[in-house]
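Novice: The structure under discussion is supplied below as C-alpha cells; questions concerning it will follow.
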Amino acid sequence: MKSSIVKCPGCGLMLPNQSYAEPPRFHASGECMELYNELSLYTASRGHEQFIHQLALDAYGAQHSGGGTRPITTAFSLIGLYLVVEHGFTGRQVQLAHMELGRRKSDWPELTPPLSPAAMTVQDVLQAEAGPKRDAAIQDWVRSVWASWAHVRDWVKEAARPVVQA
Ligand SMILES: [Zn+2]
C-alpha cells in the first residue's frame, strides 16, 4: 500500500506522495525534485550576469547527496557553496571555477553527508515572493546548506584553493 506522504531522503521534506521516481542525479524524492524543477524555471529567468541558477543548483546538489549520486556532483556543489559564502563569488564565477577545477582534477572522494540536513529546503525558497526576496532566500539556503557540511570544510577549502588564488 502506498503511503500518502513521502519523505525526501536528502533534505527530509515531507510531501504528498505522487508516486514519482527518485531522480538519477540526486538523492531526492521525485516530489522534492519537482519543486527544484519549478525553482529552476524561476532561476533560469533571472539575469545571466549573477547567474543565481548556479547557487540553487549547488545548494540542491549538496543537500541531496548520498545514494547513487556521483562524488563529483557533491564535491562541486560544496566548492560552489564555499566560494559563494566565504569568498563572495557570484553564480557566474562559480561556474567558471567549476570548469577550471574540472580541467585540473578528475577523481573526487566520496564525502559523507551530514547526519542531519540543513533546516532550509527548496520549498522554503519557493515560498518566498519571486524577485529580490526569493533571490535572498536562495542566498540564505546556500548559507544554511554550507553550514550543515561543516565537517568537510577543510577538505573543500583545500580543493578550492587553485581557483581562490587565481
Ligand atoms: Zn529534498
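In the C-alpha cells, each chain is lettered A, B, ... as it comes, each chain's residues begin at 1, and ligands are numbered from 1 in order of appearance.
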Please provide the set of residues having any atom within 8 Å of A:Ala118, restricted to only C-alpha atoms, with same-chain residues fewer than 4 positions apart removed, written as a list in words.
Specialist: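 So the residues in contact are Cys11, Gln63, Ser144, Val145, Ala147 and Ser148 of chain A.
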Novice: Could you give me, as a tab-separated table, a per-residue list for chain A showing, wherever an atom lies at most 7 Å from an atom of ligand 1, the closest pair of atoms and their distance in Å to one decimal, using only C-alpha atoms and all ligand atoms and sorting by chain then residue number from low to high?
Specialist:
```
residue	atom	partner	partner_atom_place_in_ligand_line	distance
A:Cys8	CA	ligand 1	1 (Zn)	4.7
A:Pro9	CA	ligand 1	1 (Zn)	6.6
A:Gly10	CA	ligand 1	1 (Zn)	4.9
A:Cys11	CA	ligand 1	1 (Zn)	4.0
A:Gly12	CA	ligand 1	1 (Zn)	6.0
A:Leu13	CA	ligand 1	1 (Zn)	5.6
A:Ala28	CA	ligand 1	1 (Zn)	5.0
A:Ser29	CA	ligand 1	1 (Zn)	6.2
A:Cys32	CA	ligand 1	1 (Zn)	4.7
A:Met33	CA	ligand 1	1 (Zn)	6.7
A:His64	CA	ligand 1	1 (Zn)	6.3
A:Thr121	CA	ligand 1	1 (Zn)	6.9
```
Novice: Write out as a tab-separated table (two decimals) with all heavy atoms, in the first residue's frame which residues come within 9 Å of A:Phe26 when counting only C-alpha atoms, dropping same-chain ones fewer than 4 positions away.
Specialist:
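Wrote around_34.tsv, looks like this:
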```
chain	number	residue	atom	x	y	z
A	10	GLY	N	17.07	13.25	0.92
A	10	GLY	CA	18.13	14.26	1.02
A	10	GLY	C	17.82	15.32	2.06
A	10	GLY	O	18.47	15.39	3.10
A	22	GLU	N	12.54	8.35	-7.95
A	22	GLU	CA	13.70	9.12	-7.49
A	22	GLU	C	14.55	9.48	-8.72
A	22	GLU	O	14.80	8.62	-9.57
A	22	GLU	CB	14.51	8.30	-6.48
A	22	GLU	CG	15.65	9.08	-5.87
A	22	GLU	CD	16.33	8.37	-4.68
A	22	GLU	OE1	15.62	7.77	-3.84
A	22	GLU	OE2	17.55	8.43	-4.60
A	33	MET	N	12.18	16.79	-6.14
A	33	MET	CA	12.82	17.18	-7.41
A	33	MET	C	11.89	18.06	-8.24
A	33	MET	O	12.34	18.98	-8.93
A	33	MET	CB	13.17	15.90	-8.19
A	33	MET	CG	14.06	16.12	-9.39
A	33	MET	SD	15.75	16.54	-8.91
A	33	MET	CE	16.25	17.47	-10.37
A	60	TYR	N	21.02	22.66	-3.86
A	60	TYR	CA	20.21	21.44	-4.01
A	60	TYR	C	21.11	20.21	-4.09
A	60	TYR	O	20.86	19.19	-3.46
A	60	TYR	CB	19.31	21.53	-5.25
A	60	TYR	CG	18.21	20.49	-5.20
A	60	TYR	CD1	17.04	20.71	-4.48
A	60	TYR	CD2	18.36	19.26	-5.85
A	60	TYR	CE1	16.05	19.75	-4.39
A	60	TYR	CE2	17.37	18.29	-5.77
A	60	TYR	CZ	16.21	18.53	-5.05
A	60	TYR	OH	15.24	17.57	-4.96
A	61	GLY	N	22.18	20.31	-4.88
A	61	GLY	CA	23.10	19.18	-5.05
A	61	GLY	C	23.74	18.76	-3.73
A	61	GLY	O	23.80	17.57	-3.41
A	63	GLN	N	22.58	19.26	-0.76
A	63	GLN	CA	21.56	18.80	0.18
A	63	GLN	C	20.99	17.44	-0.23
A	63	GLN	O	20.24	16.84	0.52
A	63	GLN	CB	20.43	19.84	0.27
A	63	GLN	CG	19.70	19.82	1.61
A	63	GLN	CD	18.71	20.95	1.74
A	63	GLN	OE1	18.27	21.53	0.76
A	63	GLN	NE2	18.35	21.28	2.97
A	64	HIS	N	21.31	17.00	-1.44
A	64	HIS	CA	20.78	15.72	-1.93
A	64	HIS	C	21.90	14.83	-2.43
A	64	HIS	O	21.89	14.38	-3.57
A	64	HIS	CB	19.73	15.98	-3.02
A	64	HIS	CG	18.54	16.72	-2.49
A	64	HIS	ND1	18.48	18.09	-2.44
A	64	HIS	CD2	17.38	16.26	-1.96
A	64	HIS	CE1	17.32	18.45	-1.89
A	64	HIS	NE2	16.64	17.37	-1.60
A	65	SER	N	22.92	14.60	-1.57
A	65	SER	CA	24.00	13.71	-1.95
A	65	SER	C	23.83	12.39	-1.20
A	65	SER	O	22.98	12.29	-0.32
A	65	SER	CB	25.34	14.35	-1.65
A	65	SER	OG	25.50	14.43	-0.26
A	66	GLY	N	24.64	11.40	-1.56
A	66	GLY	CA	24.46	10.06	-1.00
A	66	GLY	C	23.66	9.25	-2.00
A	66	GLY	O	23.40	9.72	-3.11
A	67	GLY	N	23.29	8.03	-1.62
A	67	GLY	CA	22.57	7.17	-2.56
A	67	GLY	C	23.45	6.93	-3.77
A	67	GLY	O	24.64	6.65	-3.64
A	68	GLY	N	22.92	7.09	-4.97
A	68	GLY	CA	23.70	6.83	-6.17
A	68	GLY	C	24.33	8.07	-6.79
A	68	GLY	O	24.76	8.05	-7.94
A	69	THR	N	24.40	9.16	-6.04
A	69	THR	CA	24.94	10.39	-6.63
A	69	THR	C	26.44	10.25	-6.87
A	69	THR	O	27.13	9.52	-6.16
A	69	THR	CB	24.68	11.62	-5.75
A	69	THR	OG1	25.20	11.37	-4.44
A	69	THR	CG2	23.19	11.91	-5.63
A	70	ARG	N	26.94	10.97	-7.85
A	70	ARG	CA	28.36	10.89	-8.17
A	70	ARG	C	29.16	11.78	-7.21
A	70	ARG	O	28.74	12.89	-6.91
A	70	ARG	CB	28.59	11.33	-9.62
A	70	ARG	CG	27.92	10.42	-10.65
A	70	ARG	CD	27.91	11.09	-12.01
A	70	ARG	NE	29.27	11.27	-12.52
A	70	ARG	CZ	29.64	12.24	-13.35
A	70	ARG	NH1	28.76	13.14	-13.74
A	70	ARG	NH2	30.88	12.32	-13.77
A	73	THR	N	29.55	15.43	-8.18
A	73	THR	CA	28.40	16.30	-8.00
A	73	THR	C	28.41	16.93	-6.61
A	73	THR	O	28.24	18.14	-6.44
A	73	THR	CB	27.08	15.51	-8.20
A	73	THR	OG1	27.12	14.87	-9.48
A	73	THR	CG2	25.87	16.41	-8.11
```
Novice: Residues at most 12 Å from A:Ala75, counting only C-alpha atoms, excluding those fewer than 6 positions away in the same chain, as a PyMOL selection string?
Specialist: chain A and resi 58-59+61-66+69+81-82+98+101-102+105-113+146+149+152-153+155-160
Novice: So how many Å separate atom CA of A:Pro117 and atom CA of A:His53, to one decimal?
Specialist: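 A separation of 21.1 Å between them.
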Novice: I'd like the contact shell of A:Val94 - 10 Å cut-off, only C-alpha atoms, skipping same-chain residues fewer than 4 positions apart - returned as a ChimeraX atom specification.
Specialist: /A:51,54-55,58,76-77,79-84,88-90,98-100,163
Novice: Quote the spacing between atom CA of A:Leu15 and atom CA of A:Leu35 in Å to one decimal place.
Specialist: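 Result for atom CA of A:Leu15 versus atom CA of A:Leu35: 10.2 Å, one decimal.
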Novice: Where does DSSP see helix (DSSP H, G or I) in stretch 37-135 of chain A, if you list the residues as an mmCIF file with N, CA, C and O atoms, in the first residue's frame?
Specialist:
```
data_model
loop_
_atom_site.group_PDB
_atom_site.id
_atom_site.type_symbol
_atom_site.label_atom_id
_atom_site.label_comp_id
_atom_site.auth_asym_id
_atom_site.auth_seq_id
_atom_site.Cartn_x
_atom_site.Cartn_y
_atom_site.Cartn_z
ATOM 1 N N ASN A 37 12.681 21.589 -9.884
ATOM 2 C CA ASN A 37 12.439 21.913 -11.300
ATOM 3 C C ASN A 37 11.649 23.218 -11.430
ATOM 4 O O ASN A 37 11.914 24.034 -12.320
ATOM 5 N N GLU A 38 10.705 23.390 -10.518
ATOM 6 C CA GLU A 38 9.918 24.626 -10.519
ATOM 7 C C GLU A 38 10.820 25.834 -10.211
ATOM 8 O O GLU A 38 10.733 26.878 -10.865
ATOM 9 N N LEU A 39 11.697 25.661 -9.245
ATOM 10 C CA LEU A 39 12.624 26.744 -8.904
ATOM 11 C C LEU A 39 13.565 27.035 -10.077
ATOM 12 O O LEU A 39 13.912 28.182 -10.335
ATOM 13 N N SER A 40 13.950 25.980 -10.794
ATOM 14 C CA SER A 40 14.849 26.153 -11.938
ATOM 15 C C SER A 40 14.241 27.036 -13.023
ATOM 16 O O SER A 40 14.942 27.813 -13.663
ATOM 17 N N LEU A 41 12.936 26.891 -13.209
ATOM 18 C CA LEU A 41 12.264 27.744 -14.199
ATOM 19 C C LEU A 41 12.406 29.202 -13.791
ATOM 20 O O LEU A 41 12.583 30.087 -14.630
ATOM 21 N N TYR A 42 12.311 29.429 -12.492
ATOM 22 C CA TYR A 42 12.454 30.787 -11.971
ATOM 23 C C TYR A 42 13.897 31.288 -12.125
ATOM 24 O O TYR A 42 14.141 32.356 -12.689
ATOM 25 N N THR A 43 14.861 30.487 -11.637
ATOM 26 C CA THR A 43 16.252 30.967 -11.661
ATOM 27 C C THR A 43 16.756 31.156 -13.092
ATOM 28 O O THR A 43 17.540 32.068 -13.357
ATOM 29 N N ALA A 44 16.271 30.301 -14.002
ATOM 30 C CA ALA A 44 16.696 30.445 -15.400
ATOM 31 C C ALA A 44 16.173 31.754 -15.996
ATOM 32 O O ALA A 44 16.743 32.281 -16.953
ATOM 33 N N SER A 45 15.099 32.276 -15.420
ATOM 34 C CA SER A 45 14.525 33.521 -15.943
ATOM 35 C C SER A 45 15.209 34.754 -15.348
ATOM 36 O O SER A 45 14.974 35.878 -15.777
ATOM 37 N N ILE A 52 22.201 33.264 -10.701
ATOM 38 C CA ILE A 52 21.780 32.718 -9.410
ATOM 39 C C ILE A 52 21.379 31.246 -9.528
ATOM 40 O O ILE A 52 21.362 30.510 -8.541
ATOM 41 N N HIS A 53 21.081 30.839 -10.745
ATOM 42 C CA HIS A 53 20.754 29.435 -11.008
ATOM 43 C C HIS A 53 21.833 28.493 -10.454
ATOM 44 O O HIS A 53 21.527 27.434 -9.904
ATOM 45 N N GLN A 54 23.101 28.893 -10.597
ATOM 46 C CA GLN A 54 24.204 28.061 -10.111
ATOM 47 C C GLN A 54 24.133 27.872 -8.594
ATOM 48 O O GLN A 54 24.432 26.795 -8.078
ATOM 49 N N LEU A 55 23.728 28.913 -7.884
ATOM 50 C CA LEU A 55 23.640 28.832 -6.426
ATOM 51 C C LEU A 55 22.564 27.828 -6.010
ATOM 52 O O LEU A 55 22.758 27.022 -5.103
ATOM 53 N N ALA A 56 21.423 27.903 -6.700
ATOM 54 C CA ALA A 56 20.322 26.987 -6.385
ATOM 55 C C ALA A 56 20.728 25.547 -6.703
ATOM 56 O O ALA A 56 20.465 24.623 -5.923
ATOM 57 N N LEU A 57 21.401 25.361 -7.824
ATOM 58 C CA LEU A 57 21.843 24.023 -8.224
ATOM 59 C C LEU A 57 22.812 23.436 -7.193
ATOM 60 O O LEU A 57 22.703 22.272 -6.803
ATOM 61 N N ASP A 58 23.763 24.249 -6.737
ATOM 62 C CA ASP A 58 24.749 23.750 -5.775
ATOM 63 C C ASP A 58 24.132 23.507 -4.401
ATOM 64 O O ASP A 58 24.490 22.539 -3.721
ATOM 65 N N ALA A 59 23.207 24.372 -3.985
ATOM 66 C CA ALA A 59 22.533 24.148 -2.697
ATOM 67 C C ALA A 59 21.734 22.845 -2.764
ATOM 68 O O ALA A 59 21.782 22.016 -1.856
ATOM 69 N N TYR A 60 21.020 22.659 -3.863
ATOM 70 C CA TYR A 60 20.215 21.444 -4.010
ATOM 71 C C TYR A 60 21.114 20.207 -4.093
ATOM 72 O O TYR A 60 20.856 19.189 -3.457
ATOM 73 N N GLY A 61 22.181 20.309 -4.876
ATOM 74 C CA GLY A 61 23.102 19.183 -5.046
ATOM 75 C C GLY A 61 23.735 18.757 -3.728
ATOM 76 O O GLY A 61 23.803 17.571 -3.408
ATOM 77 N N ALA A 62 24.188 19.733 -2.936
ATOM 78 C CA ALA A 62 24.833 19.404 -1.659
ATOM 79 C C ALA A 62 23.824 18.842 -0.656
ATOM 80 O O ALA A 62 24.164 18.018 0.183
ATOM 81 N N GLN A 63 22.584 19.264 -0.761
ATOM 82 C CA GLN A 63 21.558 18.803 0.181
ATOM 83 C C GLN A 63 20.986 17.441 -0.233
ATOM 84 O O GLN A 63 20.237 16.837 0.518
ATOM 85 N N PRO A 71 30.351 11.297 -6.808
ATOM 86 C CA PRO A 71 31.182 12.108 -5.908
ATOM 87 C C PRO A 71 31.456 13.512 -6.460
ATOM 88 O O PRO A 71 31.480 14.482 -5.705
ATOM 89 N N ILE A 72 31.638 13.634 -7.756
ATOM 90 C CA ILE A 72 31.948 14.956 -8.326
ATOM 91 C C ILE A 72 30.777 15.922 -8.146
ATOM 92 O O ILE A 72 30.979 17.123 -7.938
ATOM 93 N N THR A 73 29.553 15.426 -8.178
ATOM 94 C CA THR A 73 28.396 16.302 -8.001
ATOM 95 C C THR A 73 28.413 16.930 -6.606
ATOM 96 O O THR A 73 28.237 18.139 -6.443
ATOM 97 N N THR A 74 28.675 16.088 -5.613
ATOM 98 C CA THR A 74 28.723 16.587 -4.234
ATOM 99 C C THR A 74 29.912 17.537 -4.043
ATOM 100 O O THR A 74 29.770 18.622 -3.479
ATOM 101 N N ALA A 75 31.073 17.120 -4.539
ATOM 102 C CA ALA A 75 32.281 17.940 -4.363
ATOM 103 C C ALA A 75 32.110 19.310 -5.026
ATOM 104 O O ALA A 75 32.375 20.351 -4.420
ATOM 105 N N PHE A 76 31.625 19.325 -6.263
ATOM 106 C CA PHE A 76 31.452 20.598 -6.969
ATOM 107 C C PHE A 76 30.389 21.462 -6.298
ATOM 108 O O PHE A 76 30.532 22.687 -6.211
ATOM 109 N N SER A 77 29.339 20.846 -5.820
ATOM 110 C CA SER A 77 28.289 21.603 -5.135
ATOM 111 C C SER A 77 28.865 22.305 -3.910
ATOM 112 O O SER A 77 28.651 23.488 -3.687
ATOM 113 N N LEU A 78 29.642 21.543 -3.119
ATOM 114 C CA LEU A 78 30.207 22.105 -1.890
ATOM 115 C C LEU A 78 31.230 23.190 -2.190
ATOM 116 O O LEU A 78 31.283 24.213 -1.506
ATOM 117 N N ILE A 79 32.030 22.981 -3.217
ATOM 118 C CA ILE A 79 33.012 24.007 -3.597
ATOM 119 C C ILE A 79 32.275 25.286 -4.003
ATOM 120 O O ILE A 79 32.660 26.391 -3.640
ATOM 121 N N GLY A 80 31.175 25.119 -4.716
ATOM 122 C CA GLY A 80 30.367 26.277 -5.105
ATOM 123 C C GLY A 80 29.835 27.031 -3.893
ATOM 124 O O GLY A 80 29.937 28.253 -3.811
ATOM 125 N N LEU A 81 29.281 26.286 -2.944
ATOM 126 C CA LEU A 81 28.730 26.929 -1.745
ATOM 127 C C LEU A 81 29.826 27.672 -0.983
ATOM 128 O O LEU A 81 29.641 28.798 -0.517
ATOM 129 N N TYR A 82 30.976 27.028 -0.845
ATOM 130 C CA TYR A 82 32.112 27.627 -0.145
ATOM 131 C C TYR A 82 32.535 28.940 -0.819
ATOM 132 O O TYR A 82 32.741 29.953 -0.151
ATOM 133 N N LEU A 83 32.645 28.926 -2.131
ATOM 134 C CA LEU A 83 33.097 30.119 -2.856
ATOM 135 C C LEU A 83 32.093 31.271 -2.712
ATOM 136 O O LEU A 83 32.480 32.436 -2.606
ATOM 137 N N VAL A 84 30.811 30.934 -2.680
ATOM 138 C CA VAL A 84 29.782 31.971 -2.529
ATOM 139 C C VAL A 84 29.794 32.541 -1.108
ATOM 140 O O VAL A 84 29.841 33.754 -0.906
ATOM 141 N N VAL A 85 29.780 31.643 -0.115
ATOM 142 C CA VAL A 85 29.644 32.087 1.279
ATOM 143 C C VAL A 85 30.927 32.744 1.788
ATOM 144 O O VAL A 85 30.887 33.791 2.420
ATOM 145 N N GLU A 86 32.071 32.135 1.492
ATOM 146 C CA GLU A 86 33.303 32.622 2.128
ATOM 147 C C GLU A 86 34.145 33.525 1.219
ATOM 148 O O GLU A 86 35.071 34.161 1.690
ATOM 149 N N HIS A 87 33.838 33.556 -0.073
ATOM 150 C CA HIS A 87 34.617 34.415 -0.967
ATOM 151 C C HIS A 87 33.756 35.328 -1.815
ATOM 152 O O HIS A 87 34.267 35.997 -2.719
ATOM 153 N N GLY A 91 27.234 33.391 -9.034
ATOM 154 C CA GLY A 91 26.999 32.112 -9.700
ATOM 155 C C GLY A 91 27.860 31.964 -10.945
ATOM 156 O O GLY A 91 28.376 30.887 -11.247
ATOM 157 N N ARG A 92 28.027 33.053 -11.663
ATOM 158 C CA ARG A 92 28.848 33.011 -12.874
ATOM 159 C C ARG A 92 30.296 32.666 -12.536
ATOM 160 O O ARG A 92 30.933 31.846 -13.211
ATOM 161 N N GLN A 93 30.821 33.281 -11.481
ATOM 162 C CA GLN A 93 32.202 32.986 -11.075
ATOM 163 C C GLN A 93 32.363 31.542 -10.608
ATOM 164 O O GLN A 93 33.392 30.908 -10.860
ATOM 165 N N VAL A 94 31.323 31.027 -9.949
ATOM 166 C CA VAL A 94 31.361 29.622 -9.519
ATOM 167 C C VAL A 94 31.392 28.706 -10.747
ATOM 168 O O VAL A 94 32.135 27.725 -10.793
ATOM 169 N N GLN A 95 30.589 29.046 -11.729
ATOM 170 C CA GLN A 95 30.537 28.238 -12.950
ATOM 171 C C GLN A 95 31.927 28.147 -13.592
ATOM 172 O O GLN A 95 32.377 27.080 -13.995
ATOM 173 N N LEU A 96 32.609 29.283 -13.675
ATOM 174 C CA LEU A 96 33.957 29.313 -14.256
ATOM 175 C C LEU A 96 34.936 28.517 -13.393
ATOM 176 O O LEU A 96 35.808 27.805 -13.909
ATOM 177 N N ALA A 97 34.776 28.618 -12.071
ATOM 178 C CA ALA A 97 35.653 27.876 -11.145
ATOM 179 C C ALA A 97 35.471 26.364 -11.330
ATOM 180 O O ALA A 97 36.440 25.607 -11.339
ATOM 181 N N HIS A 98 34.215 25.935 -11.504
ATOM 182 C CA HIS A 98 33.959 24.503 -11.739
ATOM 183 C C HIS A 98 34.661 24.030 -13.008
ATOM 184 O O HIS A 98 35.255 22.953 -13.046
ATOM 185 N N MET A 99 34.603 24.846 -14.053
ATOM 186 C CA MET A 99 35.241 24.468 -15.316
ATOM 187 C C MET A 99 36.742 24.337 -15.136
ATOM 188 O O MET A 99 37.377 23.385 -15.615
ATOM 189 N N GLU A 100 37.312 25.292 -14.402
ATOM 190 C CA GLU A 100 38.757 25.283 -14.169
ATOM 191 C C GLU A 100 39.162 24.049 -13.341
ATOM 192 O O GLU A 100 40.126 23.352 -13.669
ATOM 193 N N LEU A 101 38.413 23.763 -12.291
ATOM 194 C CA LEU A 101 38.746 22.613 -11.434
ATOM 195 C C LEU A 101 38.550 21.301 -12.186
ATOM 196 O O LEU A 101 39.302 20.346 -11.988
ATOM 197 N N GLY A 102 37.544 21.264 -13.054
ATOM 198 C CA GLY A 102 37.292 20.057 -13.844
ATOM 199 C C GLY A 102 38.440 19.733 -14.778
ATOM 200 O O GLY A 102 38.711 18.574 -15.091
ATOM 201 N N ARG A 103 39.130 20.788 -15.216
ATOM 202 C CA ARG A 103 40.288 20.585 -16.099
ATOM 203 C C ARG A 103 41.489 20.050 -15.329
ATOM 204 O O ARG A 103 42.315 19.328 -15.858
ATOM 205 N N ARG A 104 41.603 20.436 -14.051
ATOM 206 C CA ARG A 104 42.791 20.100 -13.273
ATOM 207 C C ARG A 104 42.726 18.747 -12.601
ATOM 208 O O ARG A 104 43.750 18.157 -12.279
ATOM 209 N N VAL A 122 14.261 23.572 -0.466
ATOM 210 C CA VAL A 122 13.812 24.206 -1.712
ATOM 211 C C VAL A 122 12.386 24.749 -1.550
ATOM 212 O O VAL A 122 12.022 25.767 -2.139
ATOM 213 N N GLN A 123 11.592 24.093 -0.708
ATOM 214 C CA GLN A 123 10.213 24.558 -0.506
ATOM 215 C C GLN A 123 10.187 25.945 0.155
ATOM 216 O O GLN A 123 9.387 26.797 -0.219
ATOM 217 N N ASP A 124 11.079 26.168 1.119
ATOM 218 C CA ASP A 124 11.148 27.484 1.768
ATOM 219 C C ASP A 124 11.486 28.563 0.743
ATOM 220 O O ASP A 124 10.972 29.680 0.808
ATOM 221 N N VAL A 125 12.384 28.234 -0.170
ATOM 222 C CA VAL A 125 12.793 29.204 -1.186
ATOM 223 C C VAL A 125 11.614 29.544 -2.095
ATOM 224 O O VAL A 125 11.352 30.716 -2.398
ATOM 225 N N LEU A 126 10.872 28.520 -2.487
ATOM 226 C CA LEU A 126 9.720 28.753 -3.377
ATOM 227 C C LEU A 126 8.620 29.541 -2.686
ATOM 228 O O LEU A 126 7.828 30.223 -3.345
ATOM 229 N N GLN A 127 8.557 29.449 -1.363
ATOM 230 C CA GLN A 127 7.512 30.182 -0.639
ATOM 231 C C GLN A 127 7.835 31.667 -0.521
ATOM 232 O O GLN A 127 6.964 32.467 -0.192
ATOM 233 N N PRO A 132 13.508 39.916 -5.622
ATOM 234 C CA PRO A 132 14.600 40.083 -4.655
ATOM 235 C C PRO A 132 14.443 39.216 -3.403
ATOM 236 O O PRO A 132 15.434 38.701 -2.866
ATOM 237 N N LYS A 133 13.196 39.033 -2.937
ATOM 238 C CA LYS A 133 13.005 38.232 -1.723
ATOM 239 C C LYS A 133 13.386 36.765 -1.952
ATOM 240 O O LYS A 133 13.999 36.136 -1.104
ATOM 241 N N ARG A 134 13.003 36.249 -3.108
ATOM 242 C CA ARG A 134 13.350 34.848 -3.382
ATOM 243 C C ARG A 134 14.852 34.711 -3.648
ATOM 244 O O ARG A 134 15.472 33.735 -3.227
ATOM 245 N N ASP A 135 15.426 35.688 -4.306
ATOM 246 C CA ASP A 135 16.876 35.637 -4.532
ATOM 247 C C ASP A 135 17.620 35.642 -3.195
ATOM 248 O O ASP A 135 18.605 34.922 -3.021
#
```
Novice: Could you tell me how far atom CA of A:Ser4 lies from atom CA of A:Pro16, in Å and to one decimal?
Specialist: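 Taking atom CA of A:Ser4 and atom CA of A:Pro16, their separation equals 5.8 Å.
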